[in-house]
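As stored in protein_10.cif (mmCIF, C-alpha atoms (C1' of nucleotides)):
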```cif
data_final
#
loop_
_atom_site.label_atom_id
_atom_site.label_comp_id
_atom_site.auth_asym_id
_atom_site.auth_seq_id
_atom_site.Cartn_x
_atom_site.Cartn_y
_atom_site.Cartn_z
CA MET N 1 -12.44 19.97 2.62
CA GLU N 2 -15.93 21.38 3.16
CA THR N 3 -17.56 18.00 2.79
CA LYS N 4 -19.88 18.49 5.72
CA ALA N 5 -23.22 18.99 3.99
CA LEU N 6 -23.02 15.93 1.77
CA PRO N 7 -24.60 12.64 2.79
CA THR N 8 -22.23 10.12 4.31
CA LYS N 9 -22.02 7.88 1.28
CA ASP N 10 -21.03 10.76 -0.99
CA ARG N 11 -18.53 12.01 1.55
CA LEU N 12 -16.91 8.60 1.60
CA ILE N 13 -16.69 8.47 -2.17
CA LEU N 14 -15.27 11.95 -2.41
CA SER N 15 -12.69 11.36 0.30
CA ALA N 16 -11.72 8.08 -1.28
CA ALA N 17 -11.30 9.65 -4.70
CA THR N 18 -9.08 12.36 -3.21
CA LEU N 19 -6.92 10.13 -1.06
CA PHE N 20 -6.48 7.27 -3.52
CA ARG N 21 -5.51 9.77 -6.17
CA THR N 22 -2.71 11.18 -4.06
CA ARG N 23 -1.38 8.11 -2.27
CA GLY N 24 -2.67 5.12 -4.23
CA TYR N 25 -4.97 2.30 -3.17
CA HIS N 26 -2.60 0.57 -0.77
CA GLY N 27 -1.21 3.84 0.50
CA VAL N 28 -4.48 4.79 2.13
CA GLY N 29 -5.74 3.05 5.25
CA LEU N 30 -9.34 2.84 6.36
CA ALA N 31 -8.44 5.05 9.30
CA ASP N 32 -7.33 7.89 7.01
CA LEU N 33 -10.38 7.40 4.84
CA LEU N 34 -12.83 7.56 7.72
CA ALA N 35 -11.11 10.55 9.29
CA GLU N 36 -11.27 12.49 6.03
CA ALA N 37 -14.91 11.63 5.49
CA LYS N 38 -15.77 12.14 9.16
CA ALA N 39 -17.63 8.86 9.13
CA PRO N 40 -17.50 5.84 11.45
CA LYS N 41 -16.49 2.44 10.27
CA GLY N 42 -20.03 1.11 10.51
CA SER N 43 -21.21 3.50 7.84
CA LEU N 44 -18.54 2.40 5.43
CA TYR N 45 -19.56 -1.23 5.63
CA HIS N 46 -23.22 -0.33 5.52
CA HIS N 47 -22.92 1.56 2.24
CA PHE N 48 -20.15 -0.61 0.80
CA PRO N 49 -20.53 -4.19 2.05
CA ASN N 50 -17.22 -5.25 0.53
CA GLY N 51 -15.42 -2.40 2.22
CA LYS N 52 -12.37 -0.79 0.74
CA SER N 53 -12.55 -2.42 -2.67
CA ASP N 54 -16.20 -1.47 -3.22
CA LEU N 55 -15.40 2.06 -2.22
CA ALA N 56 -12.49 2.18 -4.63
CA MET N 57 -14.70 1.09 -7.50
CA ALA N 58 -17.23 3.79 -6.65
CA ALA N 59 -14.53 6.43 -6.30
CA ALA N 60 -13.10 5.52 -9.69
CA THR N 61 -16.52 5.73 -11.29
CA TRP N 62 -17.08 9.14 -9.73
CA ALA N 63 -13.71 10.40 -10.97
CA SER N 64 -14.44 9.05 -14.42
CA ASP N 65 -17.76 10.88 -14.56
CA GLU N 66 -15.96 14.11 -13.70
CA MET N 67 -13.55 13.50 -16.54
CA LEU N 68 -16.35 12.76 -18.99
CA ARG N 69 -18.02 16.01 -18.02
CA LEU N 70 -14.76 17.86 -18.57
CA ILE N 71 -14.39 16.35 -22.02
CA ALA N 72 -17.96 17.23 -22.92
CA THR N 73 -17.72 20.87 -21.86
CA SER N 74 -14.42 21.23 -23.71
CA PHE N 75 -15.70 19.93 -27.01
CA ASP N 76 -19.27 21.19 -26.90
CA GLY N 77 -18.43 24.74 -27.96
CA ALA N 78 -15.59 23.82 -30.29
CA ASP N 79 -15.55 24.35 -34.04
CA THR N 80 -12.74 21.94 -34.79
CA PHE N 81 -11.25 18.89 -33.13
CA ARG N 82 -8.05 20.79 -32.46
CA ASP N 83 -9.98 23.56 -30.70
CA GLY N 84 -11.77 21.12 -28.45
CA ALA N 85 -8.60 19.21 -27.65
CA THR N 86 -6.75 22.42 -26.87
CA THR N 87 -9.49 23.58 -24.53
CA LEU N 88 -9.42 20.21 -22.80
CA CYS N 89 -5.67 20.46 -22.25
CA TYR N 90 -5.96 23.92 -20.76
CA LYS N 91 -8.76 22.83 -18.47
CA LEU N 92 -6.68 19.87 -17.35
CA ALA N 93 -3.66 22.06 -16.73
CA LYS N 94 -5.76 24.29 -14.51
CA LEU N 95 -7.14 21.25 -12.70
CA PHE N 96 -3.59 20.03 -12.22
CA ASP N 97 -2.63 23.30 -10.56
CA ILE N 98 -5.67 23.27 -8.30
CA THR N 99 -5.60 19.65 -7.14
CA GLY N 100 -1.88 19.69 -6.69
CA TRP N 101 0.24 17.21 -8.55
CA ASP N 102 -1.43 13.88 -8.03
CA THR N 103 -1.80 10.91 -10.34
CA CYS N 104 -4.46 9.80 -12.75
CA PRO N 105 -7.20 8.78 -10.31
CA ILE N 106 -8.04 5.63 -12.22
CA ALA N 107 -4.51 4.35 -12.38
CA ALA N 108 -3.86 5.14 -8.73
CA THR N 109 -7.07 3.55 -7.55
CA LEU N 110 -7.55 0.52 -9.76
CA PHE N 111 -4.16 -0.53 -11.06
CA GLU N 112 -2.91 -1.94 -7.79
CA GLY N 113 -6.07 -3.28 -6.19
CA PRO N 114 -6.14 -6.81 -4.80
CA ASP N 115 -8.85 -8.29 -7.02
CA ASN N 116 -7.10 -7.93 -10.34
CA GLN N 117 -9.82 -9.11 -12.65
CA GLN N 118 -12.59 -6.85 -11.40
CA PHE N 119 -10.43 -3.80 -10.93
CA ARG N 120 -8.59 -4.08 -14.19
CA SER N 121 -11.69 -4.55 -16.29
CA HIS N 122 -13.27 -1.53 -14.64
CA ALA N 123 -10.20 0.56 -15.40
CA SER N 124 -10.24 -0.60 -18.98
CA HIS N 125 -13.93 0.19 -19.31
CA ILE N 126 -13.40 3.70 -17.93
CA TYR N 127 -10.48 4.49 -20.22
CA GLU N 128 -12.35 3.25 -23.28
CA GLY N 129 -15.24 5.45 -22.23
CA TRP N 130 -13.03 8.54 -22.26
CA ILE N 131 -11.61 7.65 -25.64
CA ALA N 132 -15.05 6.92 -27.06
CA GLU N 133 -16.32 10.27 -25.82
CA VAL N 134 -13.49 12.08 -27.56
CA ARG N 135 -13.91 9.97 -30.68
CA ASP N 136 -17.59 10.86 -30.95
CA HIS N 137 -16.76 14.55 -30.81
CA ALA N 138 -14.03 14.05 -33.39
CA GLU N 139 -16.45 12.42 -35.82
CA ARG N 140 -19.06 15.08 -35.16
CA LEU N 141 -16.42 17.69 -36.03
CA GLY N 142 -15.72 16.18 -39.41
CA LEU N 143 -12.99 13.57 -38.96
CA ASN N 144 -13.53 10.22 -40.57
CA GLU N 145 -13.67 7.05 -38.54
CA THR N 146 -10.00 6.13 -38.90
CA GLU N 147 -8.76 9.62 -38.12
CA ALA N 148 -11.13 9.93 -35.18
CA LYS N 149 -9.90 6.69 -33.63
CA ALA N 150 -6.25 7.63 -34.06
CA LYS N 151 -6.68 11.18 -32.81
CA SER N 152 -8.68 10.23 -29.75
CA GLU N 153 -6.18 7.58 -28.72
CA HIS N 154 -3.33 9.97 -29.39
CA LEU N 155 -4.90 12.59 -27.16
CA PHE N 156 -5.44 10.04 -24.41
CA MET N 157 -1.80 9.02 -24.45
CA LEU N 158 -0.55 12.58 -24.50
CA ILE N 159 -2.70 13.55 -21.55
CA GLN N 160 -1.82 10.47 -19.56
CA GLY N 161 1.89 10.84 -20.19
CA GLY N 162 1.90 14.61 -19.96
CA TRP N 163 0.20 14.48 -16.61
CA THR N 164 2.89 12.14 -15.32
CA LEU N 165 5.67 14.40 -16.53
CA ALA N 166 3.92 17.43 -15.09
CA ARG N 167 3.68 15.64 -11.79
CA ALA N 168 7.39 14.85 -11.73
CA ARG N 169 8.19 18.48 -12.53
CA ARG N 170 5.44 19.91 -10.36
CA ASP N 171 4.67 22.18 -13.27
CA SER N 172 1.63 22.08 -15.53
CA GLU N 173 3.42 23.86 -18.37
CA VAL N 174 4.03 20.69 -20.33
CA ILE N 175 0.29 19.99 -20.43
CA ARG N 176 -0.30 23.33 -22.10
CA GLU N 177 2.66 22.93 -24.43
CA MET N 178 1.43 19.63 -25.69
CA THR N 179 -1.39 21.30 -27.60
CA ALA N 180 1.27 22.01 -30.23
CA MET N 181 1.57 18.26 -30.86
CA LEU N 182 -2.03 17.66 -31.84
CA MET M 1 13.04 -16.09 -11.42
CA GLU M 2 16.49 -17.63 -11.69
CA THR M 3 17.96 -15.13 -9.26
CA LYS M 4 19.97 -17.72 -7.39
CA ALA M 5 23.47 -17.01 -8.57
CA LEU M 6 23.39 -13.27 -7.91
CA PRO M 7 24.73 -11.79 -4.68
CA THR M 8 22.11 -11.05 -2.05
CA LYS M 9 22.10 -7.31 -2.53
CA ASP M 10 21.47 -7.61 -6.26
CA ARG M 11 18.78 -10.21 -5.67
CA LEU M 12 17.01 -7.81 -3.36
CA ILE M 13 17.16 -4.98 -5.87
CA LEU M 14 15.92 -7.16 -8.69
CA SER M 15 13.06 -8.59 -6.66
CA ALA M 16 12.11 -5.13 -5.47
CA ALA M 17 12.09 -3.75 -8.99
CA THR M 18 9.86 -6.59 -10.14
CA LEU M 19 7.40 -6.51 -7.28
CA PHE M 20 7.10 -2.73 -6.94
CA ARG M 21 6.50 -2.51 -10.66
CA THR M 22 3.55 -4.88 -10.50
CA ARG M 23 1.93 -3.98 -7.20
CA GLY M 24 3.28 -0.55 -6.25
CA TYR M 25 5.35 0.52 -3.26
CA HIS M 26 2.68 0.10 -0.62
CA GLY M 27 1.31 -3.00 -2.26
CA VAL M 28 4.43 -5.01 -1.47
CA GLY M 29 5.30 -6.12 2.04
CA LEU M 30 8.76 -6.94 3.30
CA ALA M 31 7.66 -10.55 3.63
CA ASP M 32 6.91 -10.80 -0.10
CA LEU M 33 10.14 -9.05 -0.93
CA LEU M 34 12.30 -11.34 1.17
CA ALA M 35 10.54 -14.45 -0.08
CA GLU M 36 11.12 -13.44 -3.70
CA ALA M 37 14.75 -12.62 -3.08
CA LYS M 38 15.26 -15.67 -0.85
CA ALA M 39 16.99 -13.46 1.69
CA PRO M 40 16.51 -13.06 5.43
CA LYS M 41 15.46 -9.81 6.98
CA GLY M 42 18.88 -9.21 8.47
CA SER M 43 20.45 -9.01 5.04
CA LEU M 44 17.98 -6.38 3.90
CA TYR M 45 18.82 -4.06 6.77
CA HIS M 46 22.51 -4.78 6.43
CA HIS M 47 22.64 -3.71 2.79
CA PHE M 48 19.93 -1.05 3.08
CA PRO M 49 20.05 0.53 6.54
CA ASN M 50 16.87 2.50 5.94
CA GLY M 51 15.01 -0.59 4.86
CA LYS M 52 12.20 -0.50 2.38
CA SER M 53 12.66 3.08 1.25
CA ASP M 54 16.38 2.65 0.54
CA LEU M 55 15.62 -0.47 -1.40
CA ALA M 56 12.96 1.32 -3.43
CA MET M 57 15.41 4.04 -4.38
CA ALA M 58 17.95 1.46 -5.49
CA ALA M 59 15.34 -0.50 -7.44
CA ALA M 60 14.22 2.64 -9.24
CA THR M 61 17.79 3.49 -10.15
CA TRP M 62 18.31 0.00 -11.48
CA ALA M 63 15.15 0.17 -13.58
CA SER M 64 16.17 3.55 -14.89
CA ASP M 65 19.55 2.25 -15.98
CA GLU M 66 17.82 -0.52 -17.91
CA MET M 67 15.68 2.06 -19.66
CA LEU M 68 18.67 4.22 -20.51
CA ARG M 69 20.37 1.21 -22.02
CA LEU M 70 17.27 0.46 -24.07
CA ILE M 71 17.19 4.01 -25.38
CA ALA M 72 20.87 3.89 -26.26
CA THR M 73 20.69 0.63 -28.20
CA SER M 74 17.61 1.84 -30.06
CA PHE M 75 19.16 5.07 -31.24
CA ASP M 76 22.74 3.97 -31.71
CA GLY M 77 22.16 2.33 -35.07
CA ALA M 78 19.54 4.76 -36.29
CA ASP M 79 19.91 7.09 -39.26
CA THR M 80 17.09 9.43 -38.33
CA PHE M 81 15.30 10.39 -35.14
CA ARG M 82 12.15 8.75 -36.38
CA ASP M 83 14.00 5.48 -36.98
CA GLY M 84 15.44 5.47 -33.49
CA ALA M 85 12.13 6.35 -31.88
CA THR M 86 10.36 3.64 -33.86
CA THR M 87 12.89 1.05 -32.82
CA LEU M 88 12.49 2.12 -29.20
CA CYS M 89 8.72 1.71 -29.39
CA TYR M 90 9.02 -1.76 -30.84
CA LYS M 91 11.52 -2.78 -28.20
CA LEU M 92 9.21 -1.47 -25.50
CA ALA M 93 6.23 -3.30 -26.97
CA LYS M 94 8.19 -6.51 -26.85
CA LEU M 95 9.24 -5.78 -23.27
CA PHE M 96 5.62 -5.14 -22.42
CA ASP M 97 4.63 -8.55 -23.74
CA ILE M 98 7.42 -10.27 -21.86
CA THR M 99 7.09 -8.63 -18.46
CA GLY M 100 3.33 -8.82 -18.56
CA TRP M 101 1.33 -5.66 -18.25
CA ASP M 102 2.78 -3.83 -15.32
CA THR M 103 3.27 -0.12 -14.72
CA CYS M 104 6.12 2.27 -15.30
CA PRO M 105 8.55 1.08 -12.62
CA ILE M 106 9.44 4.60 -11.58
CA ALA M 107 5.89 5.77 -11.11
CA ALA M 108 4.91 2.62 -9.23
CA THR M 109 7.93 2.73 -6.95
CA LEU M 110 8.49 6.39 -6.25
CA PHE M 111 5.21 8.21 -6.73
CA GLU M 112 3.60 6.87 -3.59
CA GLY M 113 6.50 6.51 -1.21
CA PRO M 114 6.30 7.91 2.31
CA ASP M 115 9.10 10.44 2.16
CA ASN M 116 7.72 12.63 -0.59
CA GLN M 117 10.61 15.01 -1.06
CA GLN M 118 13.35 12.45 -1.55
CA PHE M 119 11.29 10.07 -3.64
CA ARG M 120 9.76 12.70 -5.85
CA SER M 121 13.03 14.41 -6.65
CA HIS M 122 14.57 11.08 -7.53
CA ALA M 123 11.67 10.31 -9.86
CA SER M 124 12.03 13.70 -11.48
CA HIS M 125 15.76 13.22 -11.90
CA ILE M 126 15.25 9.84 -13.55
CA TYR M 127 12.61 11.06 -15.98
CA GLU M 128 14.72 14.05 -16.99
CA GLY M 129 17.58 11.65 -17.57
CA TRP M 130 15.54 9.63 -20.04
CA ILE M 131 14.41 12.75 -21.86
CA ALA M 132 17.95 14.13 -21.96
CA GLU M 133 19.24 10.87 -23.39
CA VAL M 134 16.68 10.99 -26.18
CA ARG M 135 17.31 14.68 -26.74
CA ASP M 136 21.05 14.10 -27.20
CA HIS M 137 20.36 11.50 -29.86
CA ALA M 138 17.87 13.82 -31.54
CA GLU M 139 20.45 16.60 -31.78
CA ARG M 140 23.09 14.18 -33.00
CA LEU M 141 20.69 13.10 -35.73
CA GLY M 142 20.26 16.62 -37.01
CA LEU M 143 17.38 18.20 -35.11
CA ASN M 144 17.93 21.68 -33.75
CA GLU M 145 17.73 22.42 -30.06
CA THR M 146 14.08 23.44 -30.01
CA GLU M 147 12.93 20.52 -32.10
CA ALA M 148 15.00 18.09 -30.09
CA LYS M 149 13.49 19.25 -26.82
CA ALA M 150 9.94 19.07 -28.16
CA LYS M 151 10.40 15.70 -29.82
CA SER M 152 12.03 14.08 -26.84
CA GLU M 153 9.32 15.25 -24.48
CA HIS M 154 6.67 14.20 -26.95
CA LEU M 155 8.12 10.73 -27.16
CA PHE M 156 8.27 10.47 -23.38
CA MET M 157 4.61 11.37 -23.04
CA LEU M 158 3.52 9.00 -25.78
CA ILE M 159 5.40 6.11 -24.24
CA GLN M 160 4.20 6.83 -20.73
CA GLY M 161 0.58 7.21 -21.83
CA GLY M 162 0.72 4.44 -24.40
CA TRP M 163 2.05 2.02 -21.83
CA THR M 164 -0.85 2.83 -19.53
CA LEU M 165 -3.39 2.27 -22.28
CA ALA M 166 -1.67 -0.94 -23.30
CA ARG M 167 -1.85 -2.09 -19.73
CA ALA M 168 -5.57 -1.44 -19.50
CA ARG M 169 -6.12 -3.34 -22.73
CA ARG M 170 -3.57 -6.02 -22.01
CA ASP M 171 -2.40 -5.51 -25.56
CA SER M 172 0.85 -3.94 -26.71
CA GLU M 173 -0.56 -3.07 -30.13
CA VAL M 174 -1.10 0.59 -29.25
CA ILE M 175 2.59 0.98 -28.42
CA ARG M 176 3.50 -0.15 -31.91
CA GLU M 177 0.78 1.93 -33.54
CA MET M 178 1.97 5.07 -31.89
CA THR M 179 5.05 5.17 -34.11
CA ALA M 180 2.69 6.70 -36.69
CA MET M 181 2.32 9.74 -34.45
CA LEU M 182 5.96 10.70 -34.32
"C1'" DC A 1 -47.22 7.40 20.80
"C1'" DA A 2 -44.98 2.99 19.40
"C1'" DA A 3 -42.56 0.25 16.17
"C1'" DG A 4 -39.53 -0.50 12.63
"C1'" DG A 5 -35.48 0.01 9.78
"C1'" DG A 6 -31.80 2.82 7.81
"C1'" DC A 7 -27.78 4.40 9.54
"C1'" DT A 8 -24.23 5.56 12.95
"C1'" DA A 9 -20.90 4.50 16.43
"C1'" DG A 10 -16.84 2.37 17.89
"C1'" DA A 11 -15.03 -1.67 20.58
"C1'" DC A 12 -12.79 -5.55 19.16
"C1'" DC A 13 -10.20 -9.03 16.31
"C1'" DA A 14 -6.57 -11.77 13.92
"C1'" DA A 15 -3.20 -10.83 10.57
"C1'" DT A 16 0.23 -8.24 8.78
"C1'" DC A 17 2.96 -4.16 8.66
"C1'" DG A 18 7.99 -2.17 8.79
"C1'" DG A 19 11.70 -2.31 11.83
"C1'" DT A 20 15.11 -3.78 15.74
"C1'" DC A 21 18.15 -6.81 17.89
"C1'" DT A 22 21.00 -10.73 19.20
"C1'" DA A 23 23.26 -14.87 17.94
"C1'" DA A 24 25.41 -17.63 14.83
"C1'" DT A 25 27.62 -18.55 10.52
"C1'" DG A 26 30.99 -18.24 6.87
"C1'" DC A 27 35.05 -16.41 4.99
"C1'" DC A 28 39.12 -13.79 5.08
"C1'" DG A 29 44.20 -12.74 6.03
"C1'" DA A 30 47.72 -13.31 9.67
"C1'" DT P 1 44.69 -22.27 13.81
"C1'" DC P 2 42.97 -18.21 15.22
"C1'" DG P 3 40.82 -13.55 15.39
"C1'" DG P 4 37.84 -10.47 13.31
"C1'" DC P 5 34.69 -8.75 10.13
"C1'" DA P 6 30.90 -9.08 6.76
"C1'" DT P 7 26.87 -11.32 6.28
"C1'" DT P 8 23.04 -14.31 7.39
"C1'" DA P 9 19.30 -15.89 10.17
"C1'" DG P 10 15.03 -15.25 12.27
"C1'" DA P 11 12.79 -14.38 16.84
"C1'" DC P 12 10.52 -10.61 18.42
"C1'" DC P 13 8.25 -5.93 18.83
"C1'" DG P 14 4.57 -2.29 18.89
"C1'" DA P 15 1.72 -0.20 15.55
"C1'" DT P 16 -1.45 -0.51 12.06
"C1'" DT P 17 -3.99 -3.07 8.68
"C1'" DG P 18 -8.84 -4.38 6.76
"C1'" DG P 19 -12.81 -6.41 8.54
"C1'" DT P 20 -16.68 -8.08 11.95
"C1'" DC P 21 -20.11 -7.39 15.23
"C1'" DT P 22 -23.30 -5.59 18.65
"C1'" DA P 23 -25.66 -1.67 20.55
"C1'" DG P 24 -28.09 2.20 20.01
"C1'" DC P 25 -29.44 6.54 17.73
"C1'" DC P 26 -32.81 8.83 14.89
"C1'" DC P 27 -36.14 9.48 11.53
"C1'" DT P 28 -40.11 7.90 9.28
"C1'" DT P 29 -44.42 5.65 9.14
"C1'" DG P 30 -48.72 3.87 11.06
#
```

As structure tokens, please, write out the structure in this file.
Amino acid sequence: METKALPTKDRLILSAATLFRTRGYHGVGLADLLAEAKAPKGSLYHHFPNGKSDLAMAAATWASDEMLRLIATSFDGADTFRDGATTLCYKLAKLFDITGWDTCPIAATLFEGPDNQQFRSHASHIYEGWIAEVRDHAERLGLNETEAKAKSEHLFMLIQGGWTLARARRDSEVIREMTAML
Amino acid sequence: METKALPTKDRLILSAATLFRTRGYHGVGLADLLAEAKAPKGSLYHHFPNGKSDLAMAAATWASDEMLRLIATSFDGADTFRDGATTLCYKLAKLFDITGWDTCPIAATLFEGPDNQQFRSHASHIYEGWIAEVRDHAERLGLNETEAKAKSEHLFMLIQGGWTLARARRDSEVIREMTAML
DNA sequence: CAAGGGCTAGACCAATCGGTCTAATGCCGA
DNA sequence: TCGGCATTAGACCGATTGGTCTAGCCCTTG
């Protein structure tokens, strides 16, 4: 990773997002985290007073923002909902090939954390944000409220499940194929 | 858990399946595991010479067998693929409410393990087994080979993704609603 | 230049991690 | 009743865990 130029706090967030995504919250130790970010322990607890859990929340937020941006760029130039959704799937398939077969960053980071209440509600909030973003585009592209809700949730489930299957197979093909099911 | 009457080995597998499913492989320590199973450490390493990782493999296999049984009972009495798939979704929604909002046991147990190669290939094998089971029923119920493959993979993705969304919301409703998307 | 604070640096800590090993227990057929 | 094996029991181990704390660097401001 060429994470040298970034400020320490950002390096920590980026490293955390990467490592949690591949090995899960409990699978990553502070030692790994600090080595990846090339930061000493003091910096971690300066920027994130509650340590690992604070960092995990920040990493999840960062990953969510990336996803929201990906959704936006996929739907912005689309003429129909299906077009936008298809573009999103292809972008995700490419991302899958680049990053290399890891999990949904939110699930990996937040669904096993120690403080259930805080972590879980953050995960829920993030997922609903993705769905809402897709739903807004759906309505803008002509679907009525009911259709938009159903389609956006459907797409979420397909992506989430398709990503898991792709991971097991180490092959992004299924993510591309699933555009036929929209 | 009324796991008293079972032999030690089965108690260990059952406890492992439960705990890994809720907290993930790395989120569960041997101490928790042994306390849940009411077994001493010696028994663990007697029945599972490679310790935690052996136990995780066995727990995943056990969970997979449960899932295969659920698929079979859902489709056995069905007249159409859609009927069978709908029944499966409703059974899963009920299971979700009973077990209480945990993850896919396979993903939680095998997708973060230390020995990537062995764990990942086992996960892949299990998932393909589920899909194959559904595909066989689909063909038996009249779908051609291409349709059967597409439908079975589609159902897998919906369930996997729907379960995740249900978990975030702590509400199984979305699993039931997704029968409209078949 | 001096002083202050944001940030870095890593030694240090108790607790827990997964795993090994020896001793004793319980149960079996001979 | 005895020998022998499968299993249980848990003390013990070094390594690693997440977290705390003090010292000092370095950059900015007066």

The PyMOL selection byres ((chain P and resi 27) around 9) resolved against shown file, as a ChimeraX atom specification | /A:6 /P:26,28

Which distance in Å separates atom CA of N:Gly29 and atom CA of N:Asn116, to one decimal?
-> 19.1 Å

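Excluding stretch 78-95 of chain M itself and same-chain residues fewer than 4 positions from it, the residues having an atom within 8 Å of it are Leu70, Ile71, Ser74, Thr99, His137, Ala138, Leu141, Gly142, Leu155, Ile159, Ser172, Glu173, Ile175, Arg176, Met178, Thr179 and Leu182 of chain M, counting all atoms listed in the file.
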
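Close contacts of P:DT16, defined as residues with an atom at most 12 Å away when counting only C-alpha atoms (C1' of nucleotides), with chain neighbours fewer than 6 positions off set aside, comprise Val28, Gly29, Leu30, Ala31 and Asp32 of chain N; DA15, DT16, DC17 and DG18 of chain A.
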
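Applied to the file shown here, the PyMOL selection byres ((chain P and resi 11) around 10) selects A:DC21, A:DT22, P:DA9, P:DG10, P:DC12, P:DC13.
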
Restrict the selected residues to C-alpha atoms (C1' of nucleotides) and save them as a PDB file, in the coordinates of the input.
```
ATOM      1  C1'  DC A  21      18.150  -6.810  17.890  1.00  0.00           C
ATOM      2  C1'  DT A  22      21.000 -10.730  19.200  1.00  0.00           C
TER       3       DT A  22
ATOM      4  C1'  DA P   9      19.300 -15.890  10.170  1.00  0.00           C
ATOM      5  C1'  DG P  10      15.030 -15.250  12.270  1.00  0.00           C
ATOM      6  C1'  DC P  12      10.520 -10.610  18.420  1.00  0.00           C
ATOM      7  C1'  DC P  13       8.250  -5.930  18.830  1.00  0.00           C
TER       8       DC P  13
END
```

Written as JSON, numbers by chain, what is the full residue list that the PyMOL selection byres ((chain M) within 7 of (chain N)) yields on the file shown?
-> {"M": [23, 24, 26, 27, 112, 120, 123, 124, 157, 158, 160, 161, 162, 168, 169]}

List every residue of chain A that has an atom at most 9 Å from any atom of chain N, giving for each one its closest atom pair and the distance in Å to one decimal, counting only C-alpha atoms (C1' of nucleotides), sorted by chain and then by ascending residue number, as CSV.
```
residue,atom,partner,partner_atom,distance
A:DC7,C1',N:Ser43,CA,6.8
A:DT8,C1',N:Ser43,CA,6.3
A:DA9,C1',N:Pro40,CA,6.2
A:DG10,C1',N:Pro40,CA,7.3
```
